[in-house]
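*Asks:* my_file09.tsv is reproduced in full below (TSV, C-alpha atoms).
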```
chain	number	residue	atom	x	y	z
A	1	MET	CA	74.56	130.42	118.14
A	2	LYS	CA	73.81	126.81	119.06
A	3	LYS	CA	74.19	125.65	122.64
A	4	ILE	CA	75.56	122.11	122.74
A	5	ALA	CA	76.01	119.51	125.48
A	6	ILE	CA	77.83	116.19	125.26
A	7	LEU	CA	76.71	113.19	127.30
A	8	ARG	CA	79.09	110.29	127.89
A	9	CYS	CA	79.18	106.97	129.71
A	10	LEU	CA	80.30	106.90	133.35
A	11	LYS	CA	82.07	103.55	132.90
A	12	THR	CA	84.02	104.81	129.89
A	13	SER	CA	84.92	108.06	131.64
A	14	ALA	CA	87.15	106.04	133.98
A	15	SER	CA	89.56	105.53	131.07
A	16	CYS	CA	88.65	108.34	128.66
A	17	ALA	CA	89.64	111.98	128.99
A	18	GLY	CA	87.04	113.11	126.46
A	19	ALA	CA	89.73	114.48	124.15
A	20	GLY	CA	88.17	112.96	121.02
A	21	CYS	CA	84.77	114.51	121.75
A	22	LEU	CA	86.32	117.91	122.47
A	23	ARG	CA	88.54	117.81	119.39
A	24	ALA	CA	85.57	116.99	117.16
A	25	PHE	CA	83.55	119.79	118.75
A	26	TYR	CA	86.21	122.49	118.38
A	27	GLU	CA	87.22	121.40	114.87
A	28	LYS	CA	83.56	120.98	113.84
A	29	ASP	CA	84.45	117.51	112.64
A	30	LYS	CA	82.38	114.31	112.42
A	31	ALA	CA	78.97	114.77	114.12
A	32	PHE	CA	79.61	118.50	114.64
A	33	ALA	CA	80.24	119.17	110.94
A	34	GLN	CA	76.46	119.53	110.47
A	35	TYR	CA	76.60	122.98	112.07
A	36	GLY	CA	78.80	124.42	109.34
A	37	GLU	CA	79.92	127.96	110.08
A	38	GLU	CA	77.34	128.50	112.81
A	39	GLU	CA	78.82	129.55	116.15
A	40	LEU	CA	78.72	126.80	118.77
A	41	ARG	CA	78.96	127.06	122.53
A	42	LEU	CA	79.76	123.98	124.59
A	43	MET	CA	77.50	124.31	127.62
A	44	ALA	CA	78.26	120.97	129.31
A	45	MET	CA	80.18	117.75	128.96
A	46	TRP	CA	78.62	115.39	131.46
A	47	THR	CA	78.35	111.73	132.36
A	48	CYS	CA	75.41	109.58	133.24
A	49	ASN	CA	75.24	108.23	136.79
A	50	GLY	CA	76.14	104.72	135.72
A	51	CYS	CA	74.34	101.42	135.37
A	52	GLY	CA	74.74	97.93	136.71
A	53	ASP	CA	77.69	97.56	139.07
A	54	SER	CA	78.98	101.04	138.26
A	55	MET	CA	75.79	102.88	139.32
A	56	LEU	CA	76.56	105.82	141.59
A	57	GLU	CA	75.04	105.78	145.04
A	58	ASN	CA	73.38	109.20	144.66
A	59	GLN	CA	70.91	108.68	141.82
A	60	GLU	CA	69.19	111.96	142.70
A	61	GLY	CA	72.18	113.60	141.04
A	62	ILE	CA	71.04	112.57	137.57
A	63	ARG	CA	67.78	114.49	138.07
A	64	LYS	CA	69.83	117.59	138.88
A	65	LYS	CA	71.91	117.09	135.74
A	66	ILE	CA	68.84	116.67	133.54
A	67	GLU	CA	67.17	119.73	135.04
A	68	ARG	CA	70.40	121.68	134.50
A	69	MET	CA	70.37	120.80	130.78
A	70	LYS	CA	66.81	122.09	130.56
A	71	ALA	CA	67.71	125.29	132.44
A	72	LEU	CA	70.67	125.88	130.13
A	73	GLU	CA	68.26	125.70	127.20
A	74	ILE	CA	70.64	123.61	125.14
A	75	ASP	CA	69.76	123.20	121.47
A	76	ALA	CA	71.33	119.78	121.02
A	77	LEU	CA	72.60	116.93	123.14
A	78	HIS	CA	75.32	114.87	121.48
A	79	LEU	CA	75.59	111.30	122.70
A	80	SER	CA	79.23	110.28	122.65
A	81	HIS	CA	80.04	107.08	120.79
A	82	CYS	CA	80.73	105.40	124.16
A	83	THR	CA	77.00	105.52	124.96
A	84	SER	CA	76.38	102.66	122.54
A	85	LYS	CA	77.75	99.21	123.23
A	86	LYS	CA	78.09	96.13	121.04
A	87	ASP	CA	76.02	93.08	121.84
A	88	GLU	CA	77.07	89.44	121.38
A	89	GLN	CA	76.35	89.71	117.63
A	90	GLY	CA	78.51	92.81	117.28
A	91	GLU	CA	75.58	95.19	116.76
A	92	LYS	CA	75.66	98.53	118.57
A	93	HIS	CA	72.78	99.53	120.84
A	94	LEU	CA	72.24	102.70	122.82
A	95	CYS	CA	72.56	102.13	126.57
A	96	PRO	CA	69.07	102.02	128.16
A	97	THR	CA	70.13	104.49	130.86
A	98	ILE	CA	71.38	106.96	128.24
A	99	LYS	CA	68.26	106.37	126.12
A	100	ALA	CA	66.00	107.30	129.04
A	101	ILE	CA	67.93	110.53	129.57
A	102	ALA	CA	67.89	111.34	125.85
A	103	ASP	CA	64.16	110.59	125.57
A	104	GLU	CA	63.33	112.93	128.44
A	105	LEU	CA	65.36	115.76	126.93
A	106	ALA	CA	63.95	115.09	123.45
A	107	ASN	CA	60.45	115.40	124.92
A	108	CYS	CA	61.45	118.92	126.01
A	109	GLY	CA	62.37	119.85	122.45
A	110	ILE	CA	66.11	119.29	122.69
A	111	LYS	CA	67.61	117.75	119.55
A	112	ILE	CA	69.38	114.45	120.23
A	113	VAL	CA	72.38	113.69	118.01
A	114	GLN	CA	74.02	110.27	118.01
A	115	GLY	CA	77.78	110.68	117.99
A	116	THR	CA	80.61	113.08	118.52
A	117	HIS	CA	83.77	111.75	116.83
```
Just dump the structure as structure tokens.

*Replies:*
Amino acid sequence: MKKIAILRCLKTSASCAGAGCLRAFYEKDKAFAQYGEEELRLMAMWTCNGCGDSMLENQEGIRKKIERMKALEIDALHLSHCTSKKDEQGEKHLCPTIKAIADELANCGIKIVQGTH
């Protein structure tokens, strides 16, 4: 059984219910198709603590979230498609805040997967 977590953007979560991510997870579609018939358990669907003008006041909370992912011993962290934004040239780039979170978890041996649906 693989333990999975999904990380999404705080700004996007204001207008997104996460239904696309959850559908892809439960149907093993798109980025979750790689797991084939293996049993999956969704351990967390969480948001970053924001960036720029949307940054939450309590930034200590992100440390708690990261430590929780480690304690849950997740096998893979899926970065929702909302964690990458297009620049002026139309090219997508991973948010620096999300990248820092992903890098820390990757350094602990957690597989980072770009995408959900």

*Asks:* Have a look at A:Arg41, A:Gln114, A:Lys70, A:Glu88 and name the one nearest to Leu7 of chain A; count all atoms listed in the file.

*Replies:*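 Result for the nearest residue to Leu7 of chain A: A:Gln114.
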
*Asks:* Show me, as a list in words, the residues that have an atom within 7 Å of Cys95 of chain A when counting all atoms listed in the file, minus same-chain residues fewer than 5 positions from it.

*Replies:*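 Result of the neighbour search: Thr83, Ser84 and Lys85 of chain A.
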
*Asks:* Out of A:Gly36, A:Glu67, A:Leu10, A:Gly20, which residue has the shortest atom-to-atom distance to Asp53 of chain A when counting all atoms listed in the file?

*Replies:*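 Looking only at the distances to Asp53 of chain A, the closest residue turns out to be A:Leu10.
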
*Asks:* Just give me the gap between atom CA of Leu77 of chain A and atom CA of Ala102 of chain A in Å, one decimal is fine.

*Replies:*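 Computed distance, atom CA of Leu77 of chain A to atom CA of Ala102 of chain A, equals 7.8 Å.
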
*Asks:* Could you check which of A:Met43, A:Cys16, A:Ile6, A:Ile62 is closest to Ile74 of chain A, using only C-alpha atoms?

*Replies:* A:Met43

*Asks:* Looking at all atoms listed in the file, which of A:Gln34, A:Thr12, A:Ile4, A:Gly61 is the one that sits closest to His78 of chain A?

*Replies:*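 Between A:Gln34, A:Thr12, A:Ile4, A:Gly61, the residue approaching His78 of chain A most closely is A:Ile4.
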
*Asks:* Taking all listed atoms of segment 15-26 of chain A, build the axis-aligned box, pad each of the six sides by 5 Å, then write its centre and edge lengths in Å to one decimal as JSON.

*Replies:*
```
{"center_x": 86.6, "center_y": 114.0, "center_z": 124.1, "size_x": 16.2, "size_y": 27.0, "size_z": 23.9}
```

*Asks:* When distances are computed from all atoms listed in the file, which of A:Lys64, A:Ser15, A:Cys51, A:Lys3 shows the smallest separation from Glu38 of chain A?

*Replies:*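 Using all atoms listed in the file, the shortest distance to Glu38 of chain A belongs to A:Lys3.
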
*Asks:* Can you list, as a VMD selection string, every protein, DNA or RNA residue that comes within 12 Å of Glu27 of chain A when you count all atoms listed in the file, leaving out same-chain residues fewer than 6 positions away?

*Replies:* chain A and resid 19 to 21 33 to 37 39 to 40 116 to 117

*Asks:* Once you have the residues from the selection above, write them out as a PDB file, in the frame of the given file, restricted to C-alpha atoms.

*Replies:*
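Dumped everything to selection.pdb:
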```
ATOM      1  CA  ALA A  19      89.730 114.480 124.150  1.00  0.00           C
ATOM      2  CA  GLY A  20      88.170 112.960 121.020  1.00  0.00           C
ATOM      3  CA  CYS A  21      84.770 114.510 121.750  1.00  0.00           C
ATOM      4  CA  ALA A  33      80.240 119.170 110.940  1.00  0.00           C
ATOM      5  CA  GLN A  34      76.460 119.530 110.470  1.00  0.00           C
ATOM      6  CA  TYR A  35      76.600 122.980 112.070  1.00  0.00           C
ATOM      7  CA  GLY A  36      78.800 124.420 109.340  1.00  0.00           C
ATOM      8  CA  GLU A  37      79.920 127.960 110.080  1.00  0.00           C
ATOM      9  CA  GLU A  39      78.820 129.550 116.150  1.00  0.00           C
ATOM     10  CA  LEU A  40      78.720 126.800 118.770  1.00  0.00           C
ATOM     11  CA  THR A 116      80.610 113.080 118.520  1.00  0.00           C
ATOM     12  CA  HIS A 117      83.770 111.750 116.830  1.00  0.00           C
TER      13      HIS A 117
END
```

*Asks:* To one decimal in Å, tell me the separation between atom CA of Ala76 of chain A and atom CA of Ile98 of chain A.

*Replies:*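 Distance between the two atoms: 14.7 Å.
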
*Asks:* Supply segment 30-56 of chain A as a JSON list (two decimals), in the frame of the given file, with N, CA, C and O atoms built in where the input has gaps.

*Replies:*
```
[["chain", "number", "residue", "atom", "x", "y", "z"],
["A", 30, "LYS", "N", 83.28, 115.45, 112.20],
["A", 30, "LYS", "CA", 82.38, 114.31, 112.42],
["A", 30, "LYS", "C", 80.95, 114.80, 112.71],
["A", 30, "LYS", "O", 80.39, 115.52, 111.91],
["A", 31, "ALA", "N", 80.38, 114.44, 113.84],
["A", 31, "ALA", "CA", 78.97, 114.77, 114.12],
["A", 31, "ALA", "C", 78.73, 116.27, 114.26],
["A", 31, "ALA", "O", 77.59, 116.73, 114.15],
["A", 32, "PHE", "N", 79.77, 117.05, 114.48],
["A", 32, "PHE", "CA", 79.61, 118.50, 114.64],
["A", 32, "PHE", "C", 79.73, 119.24, 113.31],
["A", 32, "PHE", "O", 79.47, 120.44, 113.24],
["A", 33, "ALA", "N", 80.11, 118.55, 112.26],
["A", 33, "ALA", "CA", 80.24, 119.17, 110.94],
["A", 33, "ALA", "C", 78.89, 119.71, 110.45],
["A", 33, "ALA", "O", 78.85, 120.66, 109.65],
["A", 34, "GLN", "N", 77.80, 119.12, 110.92],
["A", 34, "GLN", "CA", 76.46, 119.53, 110.47],
["A", 34, "GLN", "C", 76.15, 120.99, 110.77],
["A", 34, "GLN", "O", 75.27, 121.58, 110.16],
["A", 35, "TYR", "N", 76.88, 121.60, 111.69],
["A", 35, "TYR", "CA", 76.60, 122.98, 112.07],
["A", 35, "TYR", "C", 77.29, 124.00, 111.16],
["A", 35, "TYR", "O", 77.04, 125.20, 111.29],
["A", 36, "GLY", "N", 78.15, 123.51, 110.28],
["A", 36, "GLY", "CA", 78.80, 124.42, 109.34],
["A", 36, "GLY", "C", 79.51, 125.56, 110.03],
["A", 36, "GLY", "O", 80.25, 125.37, 110.99],
["A", 37, "GLU", "N", 79.26, 126.76, 109.55],
["A", 37, "GLU", "CA", 79.92, 127.96, 110.08],
["A", 37, "GLU", "C", 79.21, 128.56, 111.29],
["A", 37, "GLU", "O", 79.66, 129.55, 111.86],
["A", 38, "GLU", "N", 78.09, 127.96, 111.67],
["A", 38, "GLU", "CA", 77.34, 128.50, 112.81],
["A", 38, "GLU", "C", 78.19, 128.45, 114.09],
["A", 38, "GLU", "O", 78.92, 127.50, 114.34],
["A", 39, "GLU", "N", 78.08, 129.50, 114.90],
["A", 39, "GLU", "CA", 78.82, 129.55, 116.15],
["A", 39, "GLU", "C", 78.23, 128.52, 117.12],
["A", 39, "GLU", "O", 77.01, 128.39, 117.26],
["A", 40, "LEU", "N", 79.13, 127.79, 117.79],
["A", 40, "LEU", "CA", 78.72, 126.80, 118.77],
["A", 40, "LEU", "C", 79.27, 127.18, 120.14],
["A", 40, "LEU", "O", 80.37, 127.71, 120.24],
["A", 41, "ARG", "N", 78.49, 126.87, 121.16],
["A", 41, "ARG", "CA", 78.96, 127.06, 122.53],
["A", 41, "ARG", "C", 78.76, 125.74, 123.27],
["A", 41, "ARG", "O", 77.64, 125.23, 123.33],
["A", 42, "LEU", "N", 79.85, 125.20, 123.81],
["A", 42, "LEU", "CA", 79.76, 123.98, 124.59],
["A", 42, "LEU", "C", 79.31, 124.35, 126.00],
["A", 42, "LEU", "O", 80.03, 124.99, 126.75],
["A", 43, "MET", "N", 78.09, 123.93, 126.33],
["A", 43, "MET", "CA", 77.50, 124.31, 127.62],
["A", 43, "MET", "C", 77.80, 123.29, 128.70],
["A", 43, "MET", "O", 77.84, 123.65, 129.88],
["A", 44, "ALA", "N", 78.00, 122.02, 128.32],
["A", 44, "ALA", "CA", 78.26, 120.97, 129.31],
["A", 44, "ALA", "C", 78.83, 119.74, 128.63],
["A", 44, "ALA", "O", 78.50, 119.44, 127.49],
["A", 45, "MET", "N", 79.70, 119.07, 129.35],
["A", 45, "MET", "CA", 80.18, 117.75, 128.96],
["A", 45, "MET", "C", 80.02, 116.92, 130.22],
["A", 45, "MET", "O", 80.77, 117.09, 131.18],
["A", 46, "TRP", "N", 79.01, 116.06, 130.24],
["A", 46, "TRP", "CA", 78.62, 115.39, 131.46],
["A", 46, "TRP", "C", 78.52, 113.89, 131.27],
["A", 46, "TRP", "O", 78.50, 113.39, 130.15],
["A", 47, "THR", "N", 78.47, 113.19, 132.38],
["A", 47, "THR", "CA", 78.35, 111.73, 132.36],
["A", 47, "THR", "C", 77.02, 111.34, 132.98],
["A", 47, "THR", "O", 76.44, 112.06, 133.79],
["A", 48, "CYS", "N", 76.58, 110.16, 132.58],
["A", 48, "CYS", "CA", 75.41, 109.58, 133.24],
["A", 48, "CYS", "C", 75.82, 109.20, 134.67],
["A", 48, "CYS", "O", 76.98, 109.37, 135.03],
["A", 49, "ASN", "N", 74.91, 108.65, 135.42],
["A", 49, "ASN", "CA", 75.24, 108.23, 136.79],
["A", 49, "ASN", "C", 75.48, 106.74, 136.87],
["A", 49, "ASN", "O", 75.43, 106.16, 137.94],
["A", 50, "GLY", "N", 75.76, 106.12, 135.74],
["A", 50, "GLY", "CA", 76.14, 104.72, 135.72],
["A", 50, "GLY", "C", 74.96, 103.77, 135.60],
["A", 50, "GLY", "O", 73.80, 104.15, 135.62],
["A", 51, "CYS", "N", 75.32, 102.50, 135.47],
["A", 51, "CYS", "CA", 74.34, 101.42, 135.37],
["A", 51, "CYS", "C", 75.01, 100.15, 135.90],
["A", 51, "CYS", "O", 76.23, 100.10, 136.03],
["A", 52, "GLY", "N", 74.20, 99.19, 136.22],
["A", 52, "GLY", "CA", 74.74, 97.93, 136.71],
["A", 52, "GLY", "C", 75.62, 98.14, 137.92],
["A", 52, "GLY", "O", 75.28, 98.90, 138.83],
["A", 53, "ASP", "N", 76.77, 97.48, 137.93],
["A", 53, "ASP", "CA", 77.69, 97.56, 139.07],
["A", 53, "ASP", "C", 78.33, 98.93, 139.23],
["A", 53, "ASP", "O", 78.86, 99.24, 140.29],
["A", 54, "SER", "N", 78.31, 99.74, 138.18],
["A", 54, "SER", "CA", 78.98, 101.04, 138.26],
["A", 54, "SER", "C", 78.02, 102.17, 138.67],
["A", 54, "SER", "O", 78.41, 103.32, 138.69],
["A", 55, "MET", "N", 76.77, 101.85, 139.00],
["A", 55, "MET", "CA", 75.79, 102.88, 139.32],
["A", 55, "MET", "C", 76.22, 103.66, 140.57],
["A", 55, "MET", "O", 76.59, 103.06, 141.58],
["A", 56, "LEU", "N", 76.21, 104.97, 140.46],
["A", 56, "LEU", "CA", 76.56, 105.82, 141.59],
["A", 56, "LEU", "C", 75.50, 105.72, 142.67],
["A", 56, "LEU", "O", 74.32, 105.53, 142.40]]
```
